[in-house]
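Quick notes on the structure that follows.
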Amino acid sequence: VLLLLTLNRKPFDSYNSEYNHYIGGFVMNFIAIDFETANEKRASACSLGMTIVKNGQVVDELYYLIKPKELRFSPMNTWIHGLRANDVKNAKEFDALWPELEPYFRNNFVIAHNASFDISVLRATLDAYSLPYPSFDYGCTMLLAKNFFPMLENAKLNTVNHYLGLEFNHHHAGADAFACANILLKVKDELNSLTIHDVFDQVGIKPGKVYDKG
C-alpha cells in the first residue's frame, strides 16, 4: 500500500531558495519522479509519482492521474501499469496540473530511474501544450545503480530495491518514485556524501540539465 504523506507542506519555492544559495553543489534536496504513459507516444503521460526529499529525508509523496491529450491507451502500456482510459477520463490534463507541479521542478535536482525516458516524457508533454521548460539538473538512478552495484544481474528498479530490502508496487508511478529516491538515499549513506553532485561525482556520472528551449 502506498502511503501518501500529507505533512505540513510549505511552498517548494522555500526549498528551492536553499538550492540557489548553496555554493559548490546541491544539498540533499531533490525530487524523484516517475511517469507512466498511455501509449507509445512520449506526450501521453497518464500518471505521475513524485517523492519529495528535504535534507535527506522523505517529506512528501505525491501521485497524480493525468488525462492525456489523446485519450488512447495501448494494450501493452495497460498491461505494464494497469491504467485504462476510464481511470483517467475525469482527471486533469497536464497543462491544468502544471502550475501546481512546476515549482517542484524549478531550480531543483530531479532524479528518475531511466531518466532519459522520464525527462523525455516531461519535455514532450510540455511541448504538446506549448509550455516553457523549467530549469533544473537531473540524474539517473539506473546509471547510478549500474555503477555502484555491479554485482547485481541488472539495474532494474525492482532488482536494485529488492537488494536494498524494499518491496513495492512496481509500475505504480508513486511507488516507483519512492523506490527511485530510496536508491539515491542508500548510495548517499554508503558514500557519506553531503551533496547530490558529490554522489554522482563519486560514482562517475555527470548530471544532465534542462532549461527553457534546451
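Ligands are numbered from 1 in the order shown, residues from 1 within each chain, and chains are lettered A, B, ... in the order they appear in the C-alpha cells.
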Polymer residues at most 10 Å from region 74-91 of chain A, only C-alpha atoms, same-chain spacing of 6 or more positions, as an mmCIF file with C-alpha atoms, in the first residue's frame:
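For reference, out-v2.cif as written:
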data_model
loop_
_atom_site.group_PDB
_atom_site.id
_atom_site.type_symbol
_atom_site.label_atom_id
_atom_site.label_comp_id
_atom_site.auth_asym_id
_atom_site.auth_seq_id
_atom_site.Cartn_x
_atom_site.Cartn_y
_atom_site.Cartn_z
ATOM 1 C CA GLU A 36 3.615 6.193 -16.820
ATOM 2 C CA THR A 37 2.367 6.685 -20.374
ATOM 3 C CA ALA A 38 -0.850 5.671 -22.105
ATOM 4 C CA ASN A 39 0.722 4.618 -25.381
ATOM 5 C CA GLU A 40 3.930 4.696 -27.399
ATOM 6 C CA CYS A 46 -1.252 9.228 -17.741
ATOM 7 C CA SER A 47 0.192 9.232 -14.218
ATOM 8 C CA TYR A 64 -1.434 12.265 -9.954
ATOM 9 C CA LEU A 65 -3.619 10.679 -12.577
ATOM 10 C CA ILE A 66 -3.357 12.618 -15.838
ATOM 11 C CA LYS A 67 -5.759 12.692 -18.754
ATOM 12 C CA PRO A 68 -3.608 12.510 -21.913
ATOM 13 C CA LEU A 97 -1.722 20.382 -13.321
ATOM 14 C CA ASN A 169 4.185 -1.972 -6.202
ATOM 15 C CA HIS A 170 6.308 -1.794 -9.356
ATOM 16 C CA HIS A 171 4.907 0.355 -12.202
ATOM 17 C CA HIS A 172 2.681 2.362 -9.888
ATOM 18 C CA ALA A 173 4.150 5.816 -10.503
#
If we count only C-alpha atoms, what is near Phe109 (chain A) at a cut-off of 7 Å, once residues fewer than 5 positions away on the same chain are taken out, given as a list in words?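 Here the answer would be Phe30, Ile31, Phe136, Asp137 and Tyr138 of chain A.
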Can you write out the residues you just picked, keeping all heavy atoms, as a PDB file, in the first residue's frame?
ATOM      1  N   PHE A  30      15.903  17.080  -3.220  1.00  0.00           N
ATOM      2  CA  PHE A  30      15.633  16.683  -4.597  1.00  0.00           C
ATOM      3  C   PHE A  30      14.216  16.141  -4.693  1.00  0.00           C
ATOM      4  O   PHE A  30      13.539  15.925  -3.684  1.00  0.00           O
ATOM      5  CB  PHE A  30      16.639  15.629  -5.081  1.00  0.00           C
ATOM      6  CG  PHE A  30      16.628  14.328  -4.325  1.00  0.00           C
ATOM      7  CD1 PHE A  30      15.786  13.291  -4.697  1.00  0.00           C
ATOM      8  CD2 PHE A  30      17.483  14.126  -3.242  1.00  0.00           C
ATOM      9  CE1 PHE A  30      15.776  12.081  -4.008  1.00  0.00           C
ATOM     10  CE2 PHE A  30      17.484  12.923  -2.556  1.00  0.00           C
ATOM     11  CZ  PHE A  30      16.628  11.901  -2.937  1.00  0.00           C
ATOM     12  N   ILE A  31      13.764  15.935  -5.912  1.00  0.00           N
ATOM     13  CA  ILE A  31      12.522  15.202  -6.145  1.00  0.00           C
ATOM     14  C   ILE A  31      12.832  13.994  -7.015  1.00  0.00           C
ATOM     15  O   ILE A  31      13.664  14.067  -7.921  1.00  0.00           O
ATOM     16  CB  ILE A  31      11.401  16.063  -6.777  1.00  0.00           C
ATOM     17  CG1 ILE A  31      11.776  16.548  -8.180  1.00  0.00           C
ATOM     18  CG2 ILE A  31      11.043  17.224  -5.874  1.00  0.00           C
ATOM     19  CD1 ILE A  31      10.614  17.181  -8.933  1.00  0.00           C
ATOM     20  N   PHE A 136      16.380  22.926 -14.432  1.00  0.00           N
ATOM     21  CA  PHE A 136      16.763  22.041 -13.337  1.00  0.00           C
ATOM     22  C   PHE A 136      17.869  21.093 -13.799  1.00  0.00           C
ATOM     23  O   PHE A 136      18.065  20.875 -14.990  1.00  0.00           O
ATOM     24  CB  PHE A 136      15.563  21.243 -12.800  1.00  0.00           C
ATOM     25  CG  PHE A 136      14.896  20.339 -13.810  1.00  0.00           C
ATOM     26  CD1 PHE A 136      15.357  19.040 -14.026  1.00  0.00           C
ATOM     27  CD2 PHE A 136      13.792  20.779 -14.523  1.00  0.00           C
ATOM     28  CE1 PHE A 136      14.724  18.205 -14.948  1.00  0.00           C
ATOM     29  CE2 PHE A 136      13.152  19.949 -15.450  1.00  0.00           C
ATOM     30  CZ  PHE A 136      13.618  18.656 -15.659  1.00  0.00           C
ATOM     31  N   ASP A 137      18.589  20.546 -12.848  1.00  0.00           N
ATOM     32  CA  ASP A 137      19.546  19.479 -13.109  1.00  0.00           C
ATOM     33  C   ASP A 137      18.852  18.145 -12.846  1.00  0.00           C
ATOM     34  O   ASP A 137      17.897  18.082 -12.065  1.00  0.00           O
ATOM     35  CB  ASP A 137      20.762  19.602 -12.196  1.00  0.00           C
ATOM     36  CG  ASP A 137      21.719  20.696 -12.643  1.00  0.00           C
ATOM     37  OD1 ASP A 137      21.318  21.541 -13.464  1.00  0.00           O
ATOM     38  OD2 ASP A 137      22.861  20.713 -12.144  1.00  0.00           O
ATOM     39  N   TYR A 138      19.340  17.080 -13.476  1.00  0.00           N
ATOM     40  CA  TYR A 138      18.719  15.777 -13.234  1.00  0.00           C
ATOM     41  C   TYR A 138      19.768  14.671 -13.282  1.00  0.00           C
ATOM     42  O   TYR A 138      20.830  14.810 -13.889  1.00  0.00           O
ATOM     43  CB  TYR A 138      17.597  15.497 -14.237  1.00  0.00           C
ATOM     44  CG  TYR A 138      18.036  15.274 -15.661  1.00  0.00           C
ATOM     45  CD1 TYR A 138      18.353  13.997 -16.138  1.00  0.00           C
ATOM     46  CD2 TYR A 138      18.118  16.344 -16.561  1.00  0.00           C
ATOM     47  CE1 TYR A 138      18.749  13.801 -17.445  1.00  0.00           C
ATOM     48  CE2 TYR A 138      18.513  16.149 -17.876  1.00  0.00           C
ATOM     49  CZ  TYR A 138      18.825  14.879 -18.317  1.00  0.00           C
ATOM     50  OH  TYR A 138      19.224  14.671 -19.607  1.00  0.00           O
TER      51      TYR A 138
END
#### Entry: In region 21-148 of chain A, DSSP strand (DSSP E or B) residues written as a PyMOL selection string
chain A and resi 30-37+45-54+57-65+109-112+136-140
Could you write out the selected residues, including C-alpha atoms, as a PDB file, in the first residue's frame?
ATOM      1  CA  PHE A  30      15.633  16.683  -4.597  1.00  0.00           C
ATOM      2  CA  ILE A  31      12.522  15.202  -6.145  1.00  0.00           C
ATOM      3  CA  ALA A  32      12.247  11.693  -7.542  1.00  0.00           C
ATOM      4  CA  ILE A  33       9.739  11.309 -10.369  1.00  0.00           C
ATOM      5  CA  ASP A  34       8.147   8.534 -12.374  1.00  0.00           C
ATOM      6  CA  PHE A  35       5.847   8.897 -15.375  1.00  0.00           C
ATOM      7  CA  GLU A  36       3.615   6.193 -16.820  1.00  0.00           C
ATOM      8  CA  THR A  37       2.367   6.685 -20.374  1.00  0.00           C
ATOM      9  CA  ALA A  45       1.612  10.827 -19.678  1.00  0.00           C
ATOM     10  CA  CYS A  46      -1.252   9.228 -17.741  1.00  0.00           C
ATOM     11  CA  SER A  47       0.192   9.232 -14.218  1.00  0.00           C
ATOM     12  CA  LEU A  48       2.992  10.884 -12.306  1.00  0.00           C
ATOM     13  CA  GLY A  49       4.527   9.993  -8.972  1.00  0.00           C
ATOM     14  CA  MET A  50       6.794  12.377  -7.067  1.00  0.00           C
ATOM     15  CA  THR A  51       8.734  11.805  -3.864  1.00  0.00           C
ATOM     16  CA  ILE A  52       9.948  14.992  -2.215  1.00  0.00           C
ATOM     17  CA  VAL A  53      13.211  14.796  -0.255  1.00  0.00           C
ATOM     18  CA  LYS A  54      14.364  17.579   2.046  1.00  0.00           C
ATOM     19  CA  GLN A  57      14.543  12.826   4.399  1.00  0.00           C
ATOM     20  CA  VAL A  58      11.335  11.994   2.531  1.00  0.00           C
ATOM     21  CA  VAL A  59       8.864  14.732   3.452  1.00  0.00           C
ATOM     22  CA  ASP A  60       6.077  14.137   0.929  1.00  0.00           C
ATOM     23  CA  GLU A  61       4.782  11.648  -1.632  1.00  0.00           C
ATOM     24  CA  LEU A  62       2.502  12.837  -4.421  1.00  0.00           C
ATOM     25  CA  TYR A  63       0.572  10.901  -7.025  1.00  0.00           C
ATOM     26  CA  TYR A  64      -1.434  12.265  -9.954  1.00  0.00           C
ATOM     27  CA  LEU A  65      -3.619  10.679 -12.577  1.00  0.00           C
ATOM     28  CA  PHE A 109      17.546  18.466  -8.691  1.00  0.00           C
ATOM     29  CA  VAL A 110      15.317  15.820 -10.287  1.00  0.00           C
ATOM     30  CA  ILE A 111      16.052  12.099 -10.339  1.00  0.00           C
ATOM     31  CA  ALA A 112      14.367   9.246 -12.168  1.00  0.00           C
ATOM     32  CA  PHE A 136      16.763  22.041 -13.337  1.00  0.00           C
ATOM     33  CA  ASP A 137      19.546  19.479 -13.109  1.00  0.00           C
ATOM     34  CA  TYR A 138      18.719  15.777 -13.234  1.00  0.00           C
ATOM     35  CA  GLY A 139      20.323  12.429 -12.577  1.00  0.00           C
ATOM     36  CA  CYS A 140      19.556   8.823 -13.409  1.00  0.00           C
TER      37      CYS A 140
END
Could you name the residues that touch Lys188 (chain A) at 12 Å or less, counting only C-alpha atoms, but leaving out those on the same chain fewer than 3 positions away, as a short mmCIF file (atom, residue, chain, number, x, y, z; two decimals) with all heavy atoms, in the first residue's frame?
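Just written: out-v9.cif:
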data_model
loop_
_atom_site.label_atom_id
_atom_site.label_comp_id
_atom_site.auth_asym_id
_atom_site.auth_seq_id
_atom_site.Cartn_x
_atom_site.Cartn_y
_atom_site.Cartn_z
N VAL A 27 22.58 20.71 -1.78
CA VAL A 27 22.36 19.99 -0.54
C VAL A 27 21.45 18.82 -0.87
O VAL A 27 21.02 18.66 -1.99
CB VAL A 27 21.75 20.91 0.54
CG1 VAL A 27 22.76 21.92 1.01
CG2 VAL A 27 20.50 21.61 0.04
N MET A 28 21.12 17.98 0.11
CA MET A 28 20.39 16.75 -0.19
C MET A 28 18.89 17.02 -0.30
O MET A 28 18.06 16.41 0.37
CB MET A 28 20.71 15.68 0.84
CG MET A 28 20.49 14.26 0.34
SD MET A 28 21.37 13.85 -1.18
CE MET A 28 23.09 14.00 -0.69
N ASN A 55 16.62 17.70 2.93
CA ASN A 55 17.71 17.40 3.86
C ASN A 55 17.89 15.89 4.06
O ASN A 55 18.10 15.42 5.18
CB ASN A 55 17.48 18.09 5.21
CG ASN A 55 17.59 19.60 5.10
OD1 ASN A 55 18.34 20.11 4.27
ND2 ASN A 55 16.86 20.32 5.94
N GLY A 56 17.76 15.14 2.97
CA GLY A 56 17.99 13.71 3.02
C GLY A 56 16.85 12.90 3.61
O GLY A 56 17.02 11.70 3.84
N GLN A 57 15.69 13.52 3.83
CA GLN A 57 14.54 12.83 4.40
C GLN A 57 13.33 12.98 3.48
O GLN A 57 13.09 14.07 2.95
CB GLN A 57 14.18 13.39 5.79
CG GLN A 57 15.30 13.27 6.81
CD GLN A 57 15.60 11.84 7.19
OE1 GLN A 57 14.70 11.01 7.29
NE2 GLN A 57 16.88 11.53 7.39
N THR A 141 19.06 7.25 -11.62
CA THR A 141 19.42 6.24 -10.62
C THR A 141 19.67 4.87 -11.25
O THR A 141 20.29 4.02 -10.61
CB THR A 141 18.33 6.11 -9.54
OG1 THR A 141 17.06 5.85 -10.16
CG2 THR A 141 18.25 7.38 -8.71
N LEU A 144 23.27 5.20 -11.89
CA LEU A 144 23.89 5.19 -10.56
C LEU A 144 24.00 3.76 -10.04
O LEU A 144 25.05 3.34 -9.55
CB LEU A 144 23.06 6.04 -9.61
CG LEU A 144 23.64 6.35 -8.24
CD1 LEU A 144 24.80 7.33 -8.33
CD2 LEU A 144 22.56 6.93 -7.32
N ALA A 145 22.92 3.00 -10.19
CA ALA A 145 22.89 1.62 -9.70
C ALA A 145 23.84 0.73 -10.50
O ALA A 145 24.52 -0.14 -9.93
CB ALA A 145 21.47 1.07 -9.75
N PHE A 148 27.27 1.54 -9.10
CA PHE A 148 27.50 1.33 -7.67
C PHE A 148 27.23 -0.10 -7.24
O PHE A 148 27.81 -0.57 -6.25
CB PHE A 148 26.64 2.29 -6.85
CG PHE A 148 27.07 2.40 -5.41
CD1 PHE A 148 28.19 3.14 -5.07
CD2 PHE A 148 26.36 1.76 -4.41
CE1 PHE A 148 28.60 3.23 -3.75
CE2 PHE A 148 26.77 1.84 -3.08
CZ PHE A 148 27.90 2.59 -2.76
N ALA A 181 13.92 7.28 -5.19
CA ALA A 181 14.53 8.07 -4.12
C ALA A 181 15.31 7.18 -3.16
O ALA A 181 16.40 7.55 -2.69
CB ALA A 181 13.46 8.86 -3.37
N ASN A 182 14.79 6.00 -2.89
CA ASN A 182 15.44 5.08 -1.96
C ASN A 182 16.85 4.71 -2.43
O ASN A 182 17.78 4.61 -1.62
CB ASN A 182 14.59 3.82 -1.81
CG ASN A 182 15.14 2.86 -0.76
OD1 ASN A 182 15.32 3.22 0.39
ND2 ASN A 182 15.40 1.63 -1.17
N ILE A 183 17.01 4.52 -3.74
CA ILE A 183 18.33 4.17 -4.27
C ILE A 183 19.34 5.28 -4.00
O ILE A 183 20.44 5.04 -3.49
CB ILE A 183 18.25 3.86 -5.78
CG1 ILE A 183 17.43 2.60 -6.02
CG2 ILE A 183 19.65 3.72 -6.37
CD1 ILE A 183 17.16 2.32 -7.50
N LEU A 184 18.97 6.51 -4.35
CA LEU A 184 19.90 7.62 -4.15
C LEU A 184 20.24 7.81 -2.68
O LEU A 184 21.40 8.02 -2.30
CB LEU A 184 19.32 8.90 -4.74
CG LEU A 184 20.17 10.17 -4.56
CD1 LEU A 184 21.59 9.99 -5.07
CD2 LEU A 184 19.50 11.37 -5.23
N LEU A 185 19.24 7.70 -1.82
CA LEU A 185 19.48 7.89 -0.38
C LEU A 185 20.38 6.79 0.18
O LEU A 185 21.24 7.06 1.04
CB LEU A 185 18.15 7.96 0.37
CG LEU A 185 17.30 9.20 0.08
CD1 LEU A 185 15.94 9.09 0.74
CD2 LEU A 185 18.02 10.47 0.53
N LEU A 191 28.21 6.32 0.74
CA LEU A 191 29.34 7.17 0.37
C LEU A 191 29.59 8.27 1.39
O LEU A 191 30.59 8.98 1.30
CB LEU A 191 29.09 7.81 -1.00
CG LEU A 191 29.05 6.86 -2.20
CD1 LEU A 191 28.64 7.62 -3.46
CD2 LEU A 191 30.41 6.21 -2.40
N ASN A 192 28.65 8.43 2.32
CA ASN A 192 28.75 9.52 3.31
C ASN A 192 28.83 10.87 2.62
O ASN A 192 29.60 11.76 3.03
CB ASN A 192 29.95 9.31 4.24
CG ASN A 192 29.83 10.12 5.52
OD1 ASN A 192 28.73 10.43 5.99
ND2 ASN A 192 30.97 10.50 6.09
N SER A 193 28.04 11.03 1.55
CA SER A 193 28.05 12.27 0.77
C SER A 193 27.14 13.32 1.38
O SER A 193 26.08 13.00 1.92
CB SER A 193 27.61 11.98 -0.67
OG SER A 193 28.49 11.08 -1.30
N LEU A 194 27.54 14.57 1.26
CA LEU A 194 26.73 15.67 1.78
C LEU A 194 25.91 16.35 0.70
O LEU A 194 24.94 17.04 1.00
CB LEU A 194 27.63 16.71 2.46
CG LEU A 194 28.41 16.22 3.69
CD1 LEU A 194 29.30 17.33 4.22
CD2 LEU A 194 27.46 15.73 4.77
N THR A 195 26.30 16.20 -0.57
CA THR A 195 25.58 16.85 -1.66
C THR A 195 25.24 15.83 -2.75
O THR A 195 25.90 14.80 -2.88
CB THR A 195 26.41 17.99 -2.29
OG1 THR A 195 27.48 17.42 -3.05
CG2 THR A 195 26.97 18.92 -1.23
N ILE A 196 24.24 16.16 -3.51
CA ILE A 196 23.83 15.27 -4.60
C ILE A 196 24.92 15.17 -5.66
O ILE A 196 25.23 14.08 -6.15
CB ILE A 196 22.51 15.76 -5.22
CG1 ILE A 196 21.38 15.69 -4.19
CG2 ILE A 196 22.15 14.93 -6.45
CD1 ILE A 196 20.08 16.30 -4.65
N HIS A 197 25.53 16.29 -6.00
CA HIS A 197 26.58 16.25 -7.02
C HIS A 197 27.75 15.42 -6.55
O HIS A 197 28.41 14.76 -7.36
CB HIS A 197 27.01 17.67 -7.39
CG HIS A 197 26.20 18.28 -8.47
ND1 HIS A 197 26.29 17.87 -9.79
CD2 HIS A 197 25.26 19.25 -8.45
CE1 HIS A 197 25.45 18.56 -10.53
NE2 HIS A 197 24.81 19.41 -9.74
N ASP A 198 28.02 15.42 -5.26
CA ASP A 198 29.11 14.58 -4.75
C ASP A 198 28.80 13.10 -4.96
O ASP A 198 29.70 12.31 -5.30
CB ASP A 198 29.33 14.87 -3.26
CG ASP A 198 30.54 14.15 -2.70
OD1 ASP A 198 31.58 14.11 -3.38
OD2 ASP A 198 30.45 13.62 -1.57
N VAL A 199 27.55 12.71 -4.76
CA VAL A 199 27.16 11.31 -5.00
C VAL A 199 27.46 10.93 -6.44
O VAL A 199 28.13 9.92 -6.71
CB VAL A 199 25.66 11.10 -4.70
CG1 VAL A 199 25.23 9.69 -5.11
CG2 VAL A 199 25.35 11.33 -3.22
N PHE A 200 26.97 11.74 -7.38
CA PHE A 200 27.14 11.39 -8.79
C PHE A 200 28.60 11.49 -9.22
O PHE A 200 29.07 10.68 -10.03
CB PHE A 200 26.23 12.27 -9.65
CG PHE A 200 24.80 11.83 -9.65
CD1 PHE A 200 23.90 12.33 -8.71
CD2 PHE A 200 24.34 10.87 -10.54
CE1 PHE A 200 22.58 11.90 -8.68
CE2 PHE A 200 23.03 10.43 -10.52
CZ PHE A 200 22.14 10.95 -9.59
N ASP A 201 29.33 12.47 -8.67
CA ASP A 201 30.75 12.59 -9.00
C ASP A 201 31.52 11.35 -8.55
O ASP A 201 32.35 10.81 -9.31
CB ASP A 201 31.36 13.82 -8.33
CG ASP A 201 30.95 15.12 -9.01
OD1 ASP A 201 30.42 15.05 -10.14
OD2 ASP A 201 31.14 16.19 -8.41
N GLN A 202 31.24 10.87 -7.33
CA GLN A 202 31.97 9.72 -6.81
C GLN A 202 31.68 8.44 -7.60
O GLN A 202 32.53 7.53 -7.66
CB GLN A 202 31.63 9.50 -5.33
CG GLN A 202 32.22 10.54 -4.40
CD GLN A 202 32.15 10.09 -2.95
OE1 GLN A 202 32.70 9.06 -2.58
NE2 GLN A 202 31.45 10.86 -2.13
N VAL A 203 30.50 8.38 -8.19
CA VAL A 203 30.12 7.18 -8.95
C VAL A 203 30.45 7.35 -10.44
O VAL A 203 30.26 6.45 -11.24
CB VAL A 203 28.64 6.85 -8.71
CG1 VAL A 203 28.21 5.60 -9.43
CG2 VAL A 203 28.37 6.68 -7.22
#
Exercise. Which distance in Å separates CA of Gly165 (chain A) and CA of Asn114 (chain A), to one decimal?
Worked result: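 Going from CA of Gly165 (chain A) over to CA of Asn114 (chain A) covers 20.5 Å.
Counting only C-alpha atoms and comparing A:Glu190, A:Glu93, A:Asp212, A:Asp118, the residue that lies closest to Ala177 (chain A) is A:Asp118.
Picture a line from CA of Ser130 (chain A) to CA of Asn107 (chain A); it runs 20.1 Å.
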Subject >> Nearest candidate to Ile119 (chain A) (options A:Lys213, A:Arg42, A:Lys206, A:Lys156; using only C-alpha atoms) >> reply: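 Closest to Ile119 (chain A), using only C-alpha atoms: A:Arg42.
Pairwise distance (CA of Phe94 (chain A), CA of Lys209 (chain A)) equals 21.7 Å.
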Counting only C-alpha atoms, the residue among A:Ala96, A:Lys186, A:Pro132, A:Ser116 that lies closest to Phe149 (chain A) is A:Lys186
Checklist entry - Which parts of region 52-204 of chain A does DSSP call alpha helix (DSSP H) when run on the backbone here, written out as an MDAnalysis selection string? => result chainID A and resid 75:81 85:88 94:105 115:128 141:148 157:164 173:191 196:203
